[in-house]
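Raw contents of work-v1.txt, compact mmCIF, C-alpha atoms and all ligand atoms:
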# COMPACT_ATOMS: atom_id res chain seq x y z
CA MET A 1148 -40.84 55.08 52.56
CA VAL A 1149 -40.55 58.79 53.51
CA ARG A 1150 -38.24 60.63 51.11
CA HIS A 1151 -37.30 64.28 51.52
CA THR A 1152 -34.73 66.24 49.54
CA VAL A 1153 -33.05 67.09 52.82
CA ARG A 1154 -33.13 64.06 55.14
CA ARG A 1155 -34.97 64.62 58.40
CA PHE A 1156 -34.24 63.00 61.73
CA TRP A 1157 -36.02 62.42 64.99
CA VAL A 1158 -34.17 61.53 68.21
CA GLU A 1159 -36.16 59.93 71.03
CA THR A 1160 -34.44 59.96 74.42
CA LEU A 1161 -35.04 57.62 77.33
CA GLY A 1162 -33.39 57.46 80.71
CA CYS A 1163 -31.27 59.90 82.60
CA PRO A 1164 -29.95 63.44 81.97
CA LYS A 1165 -26.68 62.00 80.68
CA ASN A 1166 -28.62 60.43 77.83
CA GLN A 1167 -30.16 63.80 76.98
CA VAL A 1168 -26.68 65.23 76.47
CA ASP A 1169 -25.80 62.33 74.17
CA SER A 1170 -28.99 62.95 72.21
CA ASP A 1171 -28.08 66.63 71.77
CA LYS A 1172 -24.73 65.54 70.42
CA ILE A 1173 -26.32 62.99 68.10
CA ALA A 1174 -28.54 65.81 66.80
CA GLY A 1175 -25.46 68.01 66.35
CA LEU A 1176 -23.76 65.20 64.47
CA LEU A 1177 -26.72 64.67 62.16
CA VAL A 1178 -27.12 68.40 61.49
CA GLY A 1179 -23.40 68.53 60.69
CA ASP A 1180 -24.09 65.71 58.25
CA GLY A 1181 -26.63 67.89 56.39
CA MET A 1182 -29.83 66.61 57.99
CA VAL A 1183 -32.58 68.68 59.64
CA ALA A 1184 -34.73 67.93 62.67
CA ALA A 1185 -38.22 66.61 61.88
CA GLY A 1186 -41.25 68.09 63.62
CA ALA A 1187 -42.54 64.62 64.53
CA PRO A 1188 -41.34 61.02 64.18
CA GLU A 1189 -43.88 60.45 61.37
CA GLU A 1190 -42.05 63.05 59.24
CA ALA A 1191 -38.57 61.61 59.76
CA ASP A 1192 -36.35 59.68 57.36
CA LEU A 1193 -34.15 58.58 60.25
CA VAL A 1194 -35.43 57.81 63.74
CA VAL A 1195 -32.86 57.32 66.51
CA VAL A 1196 -33.91 55.81 69.84
CA ASN A 1197 -31.41 56.57 72.59
CA THR A 1198 -32.17 53.78 75.06
CA CYS A 1199 -31.69 53.28 78.78
CA ALA A 1200 -30.53 50.01 80.36
CA PHE A 1201 -30.56 51.13 83.99
CA ILE A 1202 -33.08 48.63 85.35
CA GLU A 1203 -35.46 46.12 83.87
CA GLU A 1204 -38.35 48.59 83.81
CA ALA A 1205 -36.24 51.06 81.82
CA ARG A 1206 -35.27 48.34 79.36
CA TRP A 1207 -38.90 47.42 78.76
CA GLU A 1208 -39.75 51.07 78.26
CA SER A 1209 -36.95 51.32 75.71
CA VAL A 1210 -38.22 48.29 73.80
CA ASP A 1211 -41.81 49.58 73.87
CA THR A 1212 -40.62 52.92 72.54
CA VAL A 1213 -38.76 51.25 69.66
CA LEU A 1214 -41.89 49.29 68.76
CA ALA A 1215 -44.14 52.35 68.99
CA LEU A 1216 -41.81 54.39 66.80
CA ARG A 1217 -41.55 51.54 64.32
CA SER A 1218 -45.28 51.76 63.70
CA ALA A 1219 -45.42 55.57 63.89
CA ALA A 1220 -42.56 56.04 61.42
CA ALA A 1221 -43.00 52.92 59.30
CA GLY A 1222 -40.92 54.21 56.37
CA ALA A 1223 -38.02 55.64 58.33
CA GLU A 1224 -34.65 54.09 59.00
CA LEU A 1225 -34.75 53.12 62.68
CA VAL A 1226 -31.50 53.11 64.66
CA VAL A 1227 -31.32 51.96 68.28
CA THR A 1228 -28.42 53.35 70.29
CA GLY A 1229 -27.56 54.25 73.90
CA CYS A 1230 -26.97 52.04 76.91
CA MET A 1231 -29.07 49.06 75.80
CA ALA A 1232 -27.42 48.97 72.40
CA GLU A 1233 -24.01 49.24 74.01
CA ARG A 1234 -24.69 46.62 76.62
CA TYR A 1235 -26.62 44.02 74.63
CA GLY A 1236 -25.41 44.73 71.06
CA ASP A 1237 -25.98 41.65 68.88
CA GLU A 1238 -28.45 40.10 71.31
CA LEU A 1239 -30.65 43.19 71.05
CA ALA A 1240 -30.33 43.33 67.27
CA GLU A 1241 -31.54 39.74 67.09
CA ALA A 1242 -34.44 40.33 69.47
CA LEU A 1243 -35.53 43.53 67.73
CA PRO A 1244 -35.82 42.91 63.99
CA GLU A 1245 -37.98 46.08 63.89
CA ALA A 1246 -34.76 48.11 64.18
CA ASP A 1247 -32.71 48.63 61.05
CA ARG A 1248 -29.56 49.03 63.09
CA VAL A 1249 -28.44 48.58 66.66
CA ALA A 1250 -25.34 50.70 67.17
CA GLY A 1251 -23.21 51.60 70.17
CA PHE A 1252 -23.01 55.14 71.42
CA GLY A 1253 -23.38 57.86 68.88
CA VAL A 1254 -25.10 56.07 65.98
CA PRO A 1255 -21.84 56.34 64.08
CA VAL A 1256 -23.13 53.92 61.44
CA ALA A 1257 -25.75 56.46 60.49
CA ILE A 1258 -23.06 58.78 59.29
CA GLY A 1259 -20.65 56.24 57.92
CA GLN A 1260 -18.32 55.89 60.89
CA LYS A 1261 -17.31 52.70 62.59
CA PRO A 1262 -19.78 51.41 65.19
CA SER A 1263 -18.50 50.39 68.59
CA GLU A 1264 -18.29 46.71 69.38
CA PRO A 1265 -20.67 45.39 72.02
CA SER A 1266 -18.63 45.17 75.19
CA ALA A 1267 -20.74 43.53 77.87
CA ALA A 1268 -17.90 42.54 80.16
CA SER A 1269 -15.18 44.89 79.03
CA THR A 1270 -13.90 47.78 81.11
CA ALA A 1271 -12.34 49.50 78.12
CA PRO A 1272 -13.98 52.72 76.93
CA PRO A 1273 -16.24 52.33 73.92
CA PRO A 1274 -14.18 52.97 70.76
CA PHE A 1275 -16.50 55.80 69.74
CA ASP A 1276 -18.16 58.12 72.17
CA LEU A 1277 -19.93 61.40 72.06
CA LEU A 1278 -18.17 63.13 74.89
CA ASN A 1279 -16.35 65.80 72.97
CA LEU A 1280 -18.54 66.17 69.94
CA PRO A 1281 -20.06 69.58 69.24
CA ARG A 1282 -23.57 70.31 70.27
CA PRO A 1283 -26.22 72.78 69.07
CA PRO A 1284 -27.19 75.79 71.26
CA ALA A 1285 -29.71 74.87 73.94
CA GLY A 1286 -33.42 75.34 73.30
CA ALA A 1287 -34.01 76.20 76.98
CA PRO A 1288 -32.37 78.58 79.48
CA TRP A 1289 -30.58 75.61 81.04
CA ALA A 1290 -28.78 72.53 79.74
CA TYR A 1291 -27.15 69.37 81.03
CA VAL A 1292 -23.41 69.33 80.46
CA LYS A 1293 -21.58 66.04 80.67
CA ILE A 1294 -18.13 66.55 82.16
CA ALA A 1295 -16.93 62.95 82.23
CA GLU A 1296 -17.98 59.56 80.99
CA GLY A 1297 -17.60 56.16 82.65
CA CYS A 1298 -16.85 55.32 86.26
CA ASP A 1299 -13.93 53.89 88.25
CA ARG A 1300 -16.03 52.66 91.15
CA ARG A 1301 -17.55 49.20 91.39
CA CYS A 1302 -20.78 49.57 93.32
CA GLY A 1303 -22.27 46.12 93.86
CA TYR A 1304 -25.56 46.75 92.06
CA CYS A 1305 -24.31 48.76 89.11
CA ALA A 1306 -23.46 47.53 85.62
CA ILE A 1307 -22.54 50.94 84.22
CA PRO A 1308 -18.73 50.62 84.45
CA SER A 1309 -18.94 47.35 82.47
CA PHE A 1310 -20.30 49.06 79.39
CA ARG A 1311 -19.51 52.75 79.84
CA GLY A 1312 -15.88 51.97 80.67
CA PRO A 1313 -13.56 53.68 83.16
CA GLN A 1314 -13.87 57.39 83.89
CA ARG A 1315 -12.69 59.73 81.16
CA SER A 1316 -12.83 63.38 82.16
CA ARG A 1317 -13.15 66.02 79.49
CA SER A 1318 -10.72 68.88 79.50
CA ALA A 1319 -11.89 71.97 81.38
CA GLU A 1320 -11.37 73.99 78.17
CA ALA A 1321 -13.73 71.75 76.18
CA ILE A 1322 -16.39 71.98 78.89
CA VAL A 1323 -16.10 75.76 79.16
CA ALA A 1324 -16.31 76.11 75.37
CA GLU A 1325 -19.41 73.90 75.28
CA VAL A 1326 -21.12 75.90 78.03
CA GLU A 1327 -20.33 79.19 76.29
CA GLY A 1328 -21.76 77.84 73.03
CA LEU A 1329 -24.98 76.66 74.65
CA GLY A 1330 -26.07 80.20 75.53
CA VAL A 1331 -27.75 79.16 78.80
CA ARG A 1332 -28.25 80.84 82.17
CA GLU A 1333 -27.83 77.55 84.05
CA ALA A 1334 -25.42 74.68 83.43
CA VAL A 1335 -26.38 71.39 85.08
CA LEU A 1336 -23.24 69.28 85.34
CA VAL A 1337 -23.63 65.52 85.03
CA ALA A 1338 -21.32 62.51 85.09
CA GLN A 1339 -21.46 59.05 86.61
CA ASP A 1340 -19.35 60.23 89.55
CA LEU A 1341 -19.21 63.99 89.34
CA ALA A 1342 -16.94 64.85 92.26
CA SER A 1343 -14.26 62.54 90.83
CA TYR A 1344 -13.94 64.75 87.77
CA GLY A 1345 -10.29 65.14 86.81
CA ARG A 1346 -9.04 62.26 88.97
CA ASP A 1347 -8.23 60.17 85.89
CA GLN A 1348 -6.02 63.04 84.79
CA GLY A 1349 -4.27 63.11 88.16
CA ARG A 1350 -6.03 66.29 89.25
CA GLY A 1351 -8.07 64.87 92.14
CA GLU A 1352 -10.19 67.45 93.88
CA ARG A 1353 -8.29 70.15 92.05
CA GLY A 1354 -10.29 69.06 89.01
CA ILE A 1355 -13.88 69.71 90.01
CA VAL A 1356 -13.39 72.79 92.21
CA PRO A 1357 -11.66 75.03 89.62
CA LEU A 1358 -14.07 73.78 86.96
CA VAL A 1359 -17.09 74.82 89.03
CA GLU A 1360 -15.45 78.18 89.76
CA SER A 1361 -14.65 78.76 86.13
CA LEU A 1362 -18.17 77.91 84.97
CA GLY A 1363 -19.58 80.11 87.74
CA GLU A 1364 -17.92 83.06 86.04
CA ARG A 1365 -19.68 82.27 82.77
CA VAL A 1366 -23.24 81.32 83.68
CA ASP A 1367 -25.55 82.54 86.43
CA TRP A 1368 -26.20 79.14 87.95
CA VAL A 1369 -24.10 75.98 88.04
CA ARG A 1370 -25.80 72.89 89.42
CA LEU A 1371 -24.03 69.62 90.18
CA LEU A 1372 -25.84 66.29 90.06
CA TYR A 1373 -24.65 62.97 91.56
CA LEU A 1374 -22.07 63.62 94.25
CA TYR A 1375 -20.46 60.60 95.91
CA PRO A 1376 -20.58 61.49 99.62
CA SER A 1377 -16.93 60.79 100.49
CA ASP A 1378 -15.79 63.34 97.92
CA LEU A 1379 -17.82 66.21 99.25
CA THR A 1380 -14.97 68.29 100.64
CA ASP A 1381 -15.18 71.76 102.17
CA PRO A 1382 -13.62 73.48 99.13
CA LEU A 1383 -16.15 71.76 96.89
CA ILE A 1384 -19.03 72.71 99.19
CA ASP A 1385 -17.92 76.34 99.15
CA ALA A 1386 -17.42 76.33 95.38
CA ILE A 1387 -20.93 74.91 94.89
CA CYS A 1388 -22.54 77.50 97.16
CA ALA A 1389 -20.60 80.34 95.58
CA THR A 1390 -22.24 79.64 92.22
CA GLY A 1391 -25.60 80.67 93.68
CA VAL A 1392 -26.98 77.14 93.71
CA PRO A 1393 -26.48 75.62 97.19
CA TYR A 1394 -28.05 72.40 95.97
CA PHE A 1395 -26.50 69.08 97.02
CA ASP A 1396 -27.47 65.96 95.15
CA LEU A 1397 -25.86 63.32 97.34
CA SER A 1398 -25.73 59.77 96.10
CA LEU A 1399 -26.23 58.03 99.48
CA GLN A 1400 -28.07 54.79 98.48
CA HIS A 1401 -28.50 53.55 102.09
CA VAL A 1402 -27.44 54.32 105.65
CA SER A 1403 -26.75 50.86 107.10
CA ARG A 1404 -22.99 50.40 107.25
CA PRO A 1405 -23.02 46.59 106.69
CA LEU A 1406 -25.40 47.01 103.78
CA LEU A 1407 -23.31 49.80 102.27
CA ALA A 1408 -20.28 47.53 102.59
CA ARG A 1409 -22.20 44.86 100.67
CA MET A 1410 -22.92 47.56 98.09
CA ARG A 1411 -19.16 48.26 98.03
CA ARG A 1412 -19.84 51.84 98.96
CA TRP A 1413 -18.46 54.27 101.50
CA GLY A 1414 -20.10 55.64 104.61
CA ASP A 1415 -23.00 55.19 107.01
CA GLY A 1416 -25.94 57.16 108.33
CA ASP A 1417 -23.94 58.93 111.07
CA ARG A 1418 -21.32 60.18 108.65
CA PHE A 1419 -23.93 61.31 106.18
CA ALA A 1420 -25.89 63.12 108.89
CA ALA A 1421 -22.73 64.83 110.13
CA ARG A 1422 -21.85 65.98 106.60
CA ILE A 1423 -25.34 67.33 106.00
CA ALA A 1424 -25.32 69.13 109.36
CA ALA A 1425 -21.91 70.65 108.56
CA ILE A 1426 -23.18 71.97 105.23
CA ARG A 1427 -26.31 73.38 106.86
CA SER A 1428 -24.27 75.15 109.51
CA ARG A 1429 -22.22 76.87 106.78
CA TRP A 1430 -25.09 77.36 104.34
CA PRO A 1431 -28.46 77.32 106.15
CA GLU A 1432 -30.33 77.71 102.86
CA ALA A 1433 -28.71 74.60 101.33
CA VAL A 1434 -31.07 72.18 99.64
CA PHE A 1435 -30.50 68.42 99.54
CA ARG A 1436 -31.56 65.61 97.26
CA SER A 1437 -30.62 61.97 97.54
CA ASN A 1438 -31.41 58.57 96.10
CA PHE A 1439 -31.76 55.34 98.02
CA ILE A 1440 -31.94 51.71 96.95
CA VAL A 1441 -34.55 49.64 98.74
CA GLY A 1442 -34.40 45.84 99.02
CA TYR A 1443 -30.71 45.36 98.23
CA PRO A 1444 -29.70 41.73 98.98
CA GLY A 1445 -29.24 41.32 102.72
CA GLU A 1446 -31.35 44.34 103.70
CA THR A 1447 -32.90 43.42 107.05
CA GLU A 1448 -35.86 44.94 108.86
CA ALA A 1449 -33.33 46.69 111.10
CA ASP A 1450 -31.57 48.18 108.04
CA HIS A 1451 -34.89 49.36 106.71
CA ASP A 1452 -35.84 50.90 110.06
CA ALA A 1453 -32.48 52.66 110.17
CA LEU A 1454 -33.16 54.14 106.73
CA LEU A 1455 -36.67 55.22 107.78
CA ASP A 1456 -35.22 56.92 110.88
CA PHE A 1457 -32.53 58.62 108.83
CA VAL A 1458 -34.99 59.92 106.26
CA ALA A 1459 -37.28 61.25 108.99
CA ALA A 1460 -34.42 62.94 110.86
CA ALA A 1461 -32.36 64.24 107.92
CA SER A 1462 -35.29 66.18 106.51
CA LEU A 1463 -33.89 66.27 103.00
CA ASP A 1464 -35.77 68.35 100.48
CA TRP A 1465 -36.04 65.70 97.79
CA CYS A 1466 -35.52 61.93 97.80
CA GLY A 1467 -35.86 59.19 95.25
CA PHE A 1468 -36.36 55.57 96.38
CA PHE A 1469 -35.67 52.79 93.91
CA ALA A 1470 -36.42 49.12 94.38
CA TYR A 1471 -33.26 47.07 93.85
CA SER A 1472 -33.15 45.45 90.44
CA PRO A 1473 -30.71 42.55 89.88
CA GLU A 1474 -28.39 43.38 87.01
CA GLU A 1475 -26.58 40.68 85.10
CA GLY A 1476 -22.84 40.66 85.67
CA THR A 1477 -22.91 42.66 88.91
CA HIS A 1478 -21.55 41.64 92.31
CA ALA A 1479 -25.02 41.88 93.90
CA VAL A 1480 -26.59 39.07 91.88
CA SER A 1481 -24.28 36.57 93.57
CA LEU A 1482 -25.21 37.73 97.08
CA ASP A 1483 -27.47 35.80 99.40
CA GLY A 1484 -30.42 37.36 101.20
CA GLN A 1485 -32.36 38.45 98.13
CA VAL A 1486 -35.36 40.49 99.30
CA PRO A 1487 -38.74 39.47 97.83
CA PRO A 1488 -39.97 42.17 95.40
CA GLU A 1489 -43.27 42.61 97.31
CA LEU A 1490 -41.36 43.35 100.50
CA ALA A 1491 -39.08 45.80 98.70
CA ALA A 1492 -42.13 47.52 97.21
CA GLU A 1493 -43.71 47.82 100.65
CA ARG A 1494 -40.53 49.28 102.14
CA ARG A 1495 -40.31 51.71 99.27
CA ARG A 1496 -43.89 52.84 99.86
CA GLU A 1497 -43.19 53.43 103.54
CA LEU A 1498 -40.14 55.53 102.77
CA ALA A 1499 -41.92 57.53 100.09
CA GLU A 1500 -44.76 58.30 102.51
CA VAL A 1501 -42.37 59.69 105.10
CA GLN A 1502 -40.49 61.73 102.52
CA ASP A 1503 -43.58 63.09 100.77
CA GLU A 1504 -44.69 64.65 104.04
CA ILE A 1505 -41.27 66.18 104.62
CA THR A 1506 -41.10 67.58 101.11
CA ALA A 1507 -44.63 69.00 101.35
CA ALA A 1508 -43.91 70.60 104.74
CA LYS A 1509 -40.72 72.19 103.40
CA ARG A 1510 -42.59 73.56 100.41
CA ASP A 1511 -45.35 74.92 102.67
CA ARG A 1512 -42.75 76.82 104.67
CA LEU A 1513 -41.86 78.79 101.55
CA ILE A 1514 -45.33 80.33 101.30
CA GLY A 1515 -45.09 84.08 101.70
CA ARG A 1516 -41.37 84.21 100.88
CA GLU A 1517 -39.78 86.01 97.97
CA VAL A 1518 -37.64 83.80 95.76
CA VAL A 1519 -35.55 84.40 92.68
CA VAL A 1520 -36.61 82.21 89.77
CA LEU A 1521 -35.39 81.42 86.29
CA VAL A 1522 -38.30 81.15 83.87
CA ASP A 1523 -37.98 78.02 81.72
CA PHE A 1524 -41.25 78.30 79.77
CA PRO A 1525 -44.07 80.84 79.78
CA GLY A 1526 -45.66 80.42 83.21
CA LEU A 1527 -43.13 77.88 84.51
CA ALA A 1528 -40.02 78.61 86.55
CA ARG A 1529 -37.57 77.22 89.08
CA SER A 1530 -35.52 78.60 91.93
CA TYR A 1531 -32.14 77.12 92.94
CA ARG A 1532 -34.13 74.65 95.05
CA GLU A 1533 -35.46 72.77 92.03
CA ALA A 1534 -33.32 70.87 89.54
CA PRO A 1535 -34.89 70.90 86.07
CA GLU A 1536 -36.96 67.85 85.14
CA ILE A 1537 -36.23 66.24 88.51
CA ASP A 1538 -37.78 68.25 91.35
CA GLY A 1539 -40.93 70.35 91.68
CA VAL A 1540 -41.70 73.44 89.59
CA ILE A 1541 -43.01 76.93 90.28
CA SER A 1542 -46.01 78.32 88.40
CA VAL A 1543 -45.48 82.02 87.72
CA PRO A 1544 -47.40 84.70 85.75
CA GLU A 1545 -47.30 83.98 82.01
CA ASP A 1546 -45.91 87.41 81.17
CA LEU A 1547 -42.60 86.90 82.96
CA ALA A 1548 -39.90 86.72 80.28
CA VAL A 1549 -38.50 83.27 79.52
CA GLY A 1550 -34.77 82.89 80.09
CA GLN A 1551 -34.72 85.74 82.63
CA PHE A 1552 -34.42 85.84 86.40
CA HIS A 1553 -37.34 87.35 88.33
CA THR A 1554 -38.17 87.84 91.97
CA VAL A 1555 -41.56 86.33 92.81
CA ARG A 1556 -43.54 85.72 95.99
CA VAL A 1557 -44.69 82.19 96.82
CA LEU A 1558 -48.47 82.16 97.23
CA ASP A 1559 -49.26 78.48 97.57
CA ALA A 1560 -47.79 74.99 97.64
CA LEU A 1561 -49.29 71.93 95.99
CA GLY A 1562 -47.21 68.99 97.17
CA PRO A 1563 -43.79 69.47 95.56
CA ASP A 1564 -44.90 72.37 93.34
CA LEU A 1565 -45.31 76.05 94.16
CA VAL A 1566 -47.49 78.83 92.85
CA ALA A 1567 -45.95 82.30 92.86
CA GLY A 1568 -47.02 85.82 91.92
CA ALA A 1569 -44.95 88.70 90.61
CA VAL A 1570 -43.50 91.10 93.14
CA SER A 1571 -44.33 94.74 92.44
CA PRO A 1572 -41.23 96.64 91.34
S1 LIG B 1601 -20.57 55.48 91.36
FE1 LIG B 1601 -21.33 53.37 91.59
S2 LIG B 1601 -23.49 53.52 91.02
FE2 LIG B 1601 -22.51 55.35 90.20
S3 LIG B 1601 -21.95 54.77 88.09
FE3 LIG B 1601 -20.16 54.37 89.41
S4 LIG B 1601 -20.36 52.21 89.92
FE4 LIG B 1601 -22.37 52.85 89.18
Please go through the file and, once you have read it, give me the structure as structure tokens.
Ligand code: SF4
Amino acid sequence: MVRHTVRRFWVETLGCPKNQVDSDKIAGLLVGDGMVAAGAPEEADLVVVNTCAFIEEARWESVDTVLALRSAAAGAELVVTGCMAERYGDELAEALPEADRVAGFGVPVAIGQKPSEPSAASTAPPPFDLLNLPRPPAGAPWAYVKIAEGCDRRCGYCAIPSFRGPQRSRSAEAIVAEVEGLGVREAVLVAQDLASYGRDQGRGERGIVPLVESLGERVDWVRLLYLYPSDLTDPLIDAICATGVPYFDLSLQHVSRPLLARMRRWGDGDRFAARIAAIRSRWPEAVFRSNFIVGYPGETEADHDALLDFVAAASLDWCGFFAYSPEEGTHAVSLDGQVPPELAAERRRELAEVQDEITAAKRDRLIGREVVVLVDFPGLARSYREAPEIDGVISVPEDLAVGQFHTVRVLDALGPDLVAGAVSP
């Protein structure tokens, strides 16, 4: 058993950016409790695994990580938290005797507070969550900032509302204070349904727009991830572009209207295309990302062809395609027309091929242009076109100062990534 005079912790994070924010807050909580961060899991007295339960693949990755850390840090107390712990609670604890504790969000048991009860089918918020806990300053020039937790929608494939609860927006003051304390140049706002921020407090669109404006006065770049397309209003579009990051991460999921209806989601390909065209006409330099689900129950060849046509015509900068994964307790598992996994994989490949060419061509068109970048690490930077950890990166000269903005010239493109050289003063 590892024993240090001051207890050391290691937090391992799986899954999405929202989990990274929770991990930062767990670290803040543990530091506040007198612990220090370990340099490696082997040196830790407490190892926390912040798991992801998004799809089956993510759950297996979480379990593998727990097992790997159990052998790497044999003497440490091992706590499993995050979405899997919240969703499967006791069941997970039974299946994973390697873990000393399985605790709902925030590893409260590690610091003597009450753990949340597993709440597989409940829509109530977890009794303990990390949303408003303090957080240490960021170790990079950018940071994810979670502005709300939970979701009020009921998309057919998604289990998140069942264990994250309904939407709870943080106060604008708490978010602003957190951003100021992080000391970053770029705040990347995340939530399950970002454009709905403030709606649970009766603020509707008046919630997200003033928040974005207010943060834009405090940091150089504000980036918004996960925008539900029906909520992308003109004031929000203008507020986004005014922050210097005309980057639109639209959660589209498909373009076939009947299939979207089966997903219990708004819209269709024509509406999405019209919205994208309207943004481009106002902001020609706008960049778009979207995610699509492939092989949702009932997806026909015609639906798939419609999505292929949309992807080819929309010419989005970045796209993610995910094979549908049946999630226990969701509307979609009861639907007929389940698509065989091999067919879904083939459709996904086709879509990725089309998009990869579009992305590469768009990156090629940047060669020779000057762009403003924020340097994240020595030799590695991003412009407003690239969300951190999600899109491509830009290689820049090693001597450009980290945490600063620089103007560089794009010299080459390698698929999604760019190579740039310094511009003479
Ligand atoms: S908007 Fe839909 S997919 Fe996103 S978290 Fe809410 S229910 Fe899930």
Collect all residues with atoms no farther than 6 Å from ligand LIG 1601 (chain B), counting all atoms listed in the file, and output them as a PyMOL selection string.
-> chain A and resi 1298+1300-1302+1305+1307-1308+1339-1340
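Shortest separation to Ser1218 in chain A among A:Pro1188, A:Pro1393, A:Leu1558, A:Val1486 occurs at residue A:Pro1188, atoms counted being only C-alpha atoms.
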Find the residues around Val1458 in chain A up to 8 Å (only C-alpha atoms counted), leave out those fewer than 4 positions away in its own chain, and share them as a list in words.
-> Leu1454, Ser1462, Leu1463, Leu1498, Val1501 and Gln1502 of chain A
Find the residues near Asp1299 in chain A: any atom within 12 Å, counting only C-alpha atoms, skip ones fewer than 6 places away on the same chain, and give them as a VMD selection string.
-> chain A and resid 1270 to 1272 1305 to 1316 1338 to 1341 1343 to 1347
Find the residue from A:Val1249, A:Ala1219, A:Val1359, A:Val1168 that sits nearest to Ala1285 in chain A; use only C-alpha atoms when measuring.
->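 Ranked by minimum distance to Ala1285 in chain A, first place goes to A:Val1168.
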If we count all atoms listed in the file and set the cut-off at 10 Å, which residues sit around range 1515-1526 of chain A, ignoring sequence neighbours fewer than 5 positions away in its own chain? Please answer as a short mmCIF file (atom, residue, chain, number, x, y, z; two decimals) with C-alpha atoms, keeping the file's coordinate frame.
data_model
loop_
_atom_site.label_atom_id
_atom_site.label_comp_id
_atom_site.auth_asym_id
_atom_site.auth_seq_id
_atom_site.Cartn_x
_atom_site.Cartn_y
_atom_site.Cartn_z
CA GLY A 1286 -33.42 75.34 73.30
CA ALA A 1287 -34.01 76.20 76.98
CA PRO A 1288 -32.37 78.58 79.48
CA TRP A 1289 -30.58 75.61 81.04
CA ARG A 1332 -28.25 80.84 82.17
CA GLU A 1333 -27.83 77.55 84.05
CA ASP A 1367 -25.55 82.54 86.43
CA TRP A 1368 -26.20 79.14 87.95
CA TYR A 1531 -32.14 77.12 92.94
CA ARG A 1532 -34.13 74.65 95.05
CA GLU A 1533 -35.46 72.77 92.03
CA PRO A 1535 -34.89 70.90 86.07
CA VAL A 1540 -41.70 73.44 89.59
CA ILE A 1541 -43.01 76.93 90.28
CA SER A 1542 -46.01 78.32 88.40
CA VAL A 1543 -45.48 82.02 87.72
CA PRO A 1544 -47.40 84.70 85.75
CA GLU A 1545 -47.30 83.98 82.01
CA ASP A 1546 -45.91 87.41 81.17
CA LEU A 1547 -42.60 86.90 82.96
CA ALA A 1548 -39.90 86.72 80.28
CA VAL A 1549 -38.50 83.27 79.52
CA GLY A 1550 -34.77 82.89 80.09
CA GLN A 1551 -34.72 85.74 82.63
CA PHE A 1552 -34.42 85.84 86.40
CA HIS A 1553 -37.34 87.35 88.33
CA THR A 1554 -38.17 87.84 91.97
CA VAL A 1555 -41.56 86.33 92.81
CA ARG A 1556 -43.54 85.72 95.99
CA VAL A 1557 -44.69 82.19 96.82
CA LEU A 1558 -48.47 82.16 97.23
CA ASP A 1559 -49.26 78.48 97.57
CA VAL A 1566 -47.49 78.83 92.85
CA ALA A 1567 -45.95 82.30 92.86
CA GLY A 1568 -47.02 85.82 91.92
CA ALA A 1569 -44.95 88.70 90.61
CA VAL A 1570 -43.50 91.10 93.14
#
Need the neighbours of (-37.0, 50.9, 75.8): which residues are at most 9 Å away, counting all atoms listed in the file, as a list in words?
->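 Residues with an atom at most 9 Å from (-37.0, 50.9, 75.8): Leu1161, Gly1162, Val1196, Asn1197, Thr1198, Cys1199, Ala1200, Glu1204, Ala1205, Arg1206, Trp1207, Glu1208, Ser1209, Val1210, Asp1211, Thr1212, Val1213, Leu1214 and Met1231 of chain A.
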A:Glu1189, A:Asp1464, A:Glu1448, A:Asp1564: which is nearest Ala1528 in chain A, counting only C-alpha atoms?
->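 Going through A:Glu1189, A:Asp1464, A:Glu1448, A:Asp1564 one by one, the smallest distance to Ala1528 in chain A is for A:Asp1564.
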Which residue of A:Leu1406, A:Val1158, A:Ala1420, A:Val1337 approaches Phe1457 in chain A most closely, using only C-alpha atoms |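 Nearest to Phe1457 in chain A: A:Ala1420.
Between CA of Ile1440 in chain A and CA of Leu1372 in chain A the separation is 17.2 Å.
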Neighbours of Gly1467 in chain A within 7 Å (all atoms listed in the file; same-chain residues fewer than 6 positions away dropped), as a ChimeraX atom specification?
-> /A:1437-1439
Which neighbours of Asp1456 in chain A fall inside 10 Å, counting only C-alpha atoms, when residues of the same chain fewer than 4 positions from it are skipped, and could you give them as a list in words?
->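 The residues that qualify are Val1402, Gly1416, Asp1450, His1451, Asp1452, Ala1460, Ala1461, Leu1498 and Val1501 of chain A.
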For CA of Arg1495 in chain A and CA of His1478 in chain A, quote the distance in Å rounded to one decimal.
->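 CA of Arg1495 in chain A sits 22.4 Å away from CA of His1478 in chain A.
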With all atoms listed in the file as the basis for distance, which of A:Ala1223, A:Ile1355, A:Leu1193, A:Ala1290 is at the shortest distance from Asp1169 in chain A?
->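 Counting all atoms listed in the file, the residue closest to Asp1169 in chain A is A:Ala1290.
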Determine the nearest neighbour of Pro1376 in chain A from the options A:Glu1364, A:Asp1415, A:Glu1475, A:Glu1327, counting only C-alpha atoms.
->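 Among the listed residues, A:Asp1415 lies closest to Pro1376 in chain A.
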Could you jot down the CA of Pro1283 in chain A to CA of Ala1174 in chain A separation for me, Å, one decimal place?
->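 Between these atoms lies a distance of 7.7 Å.
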For the point (-20.3, 70.5, 74.6) in file coordinates, what residues are within 7 Å, counting only C-alpha atoms? Give the answer as a ChimeraX atom specification?
-> /A:1279-1282,1292,1321-1322,1324-1326
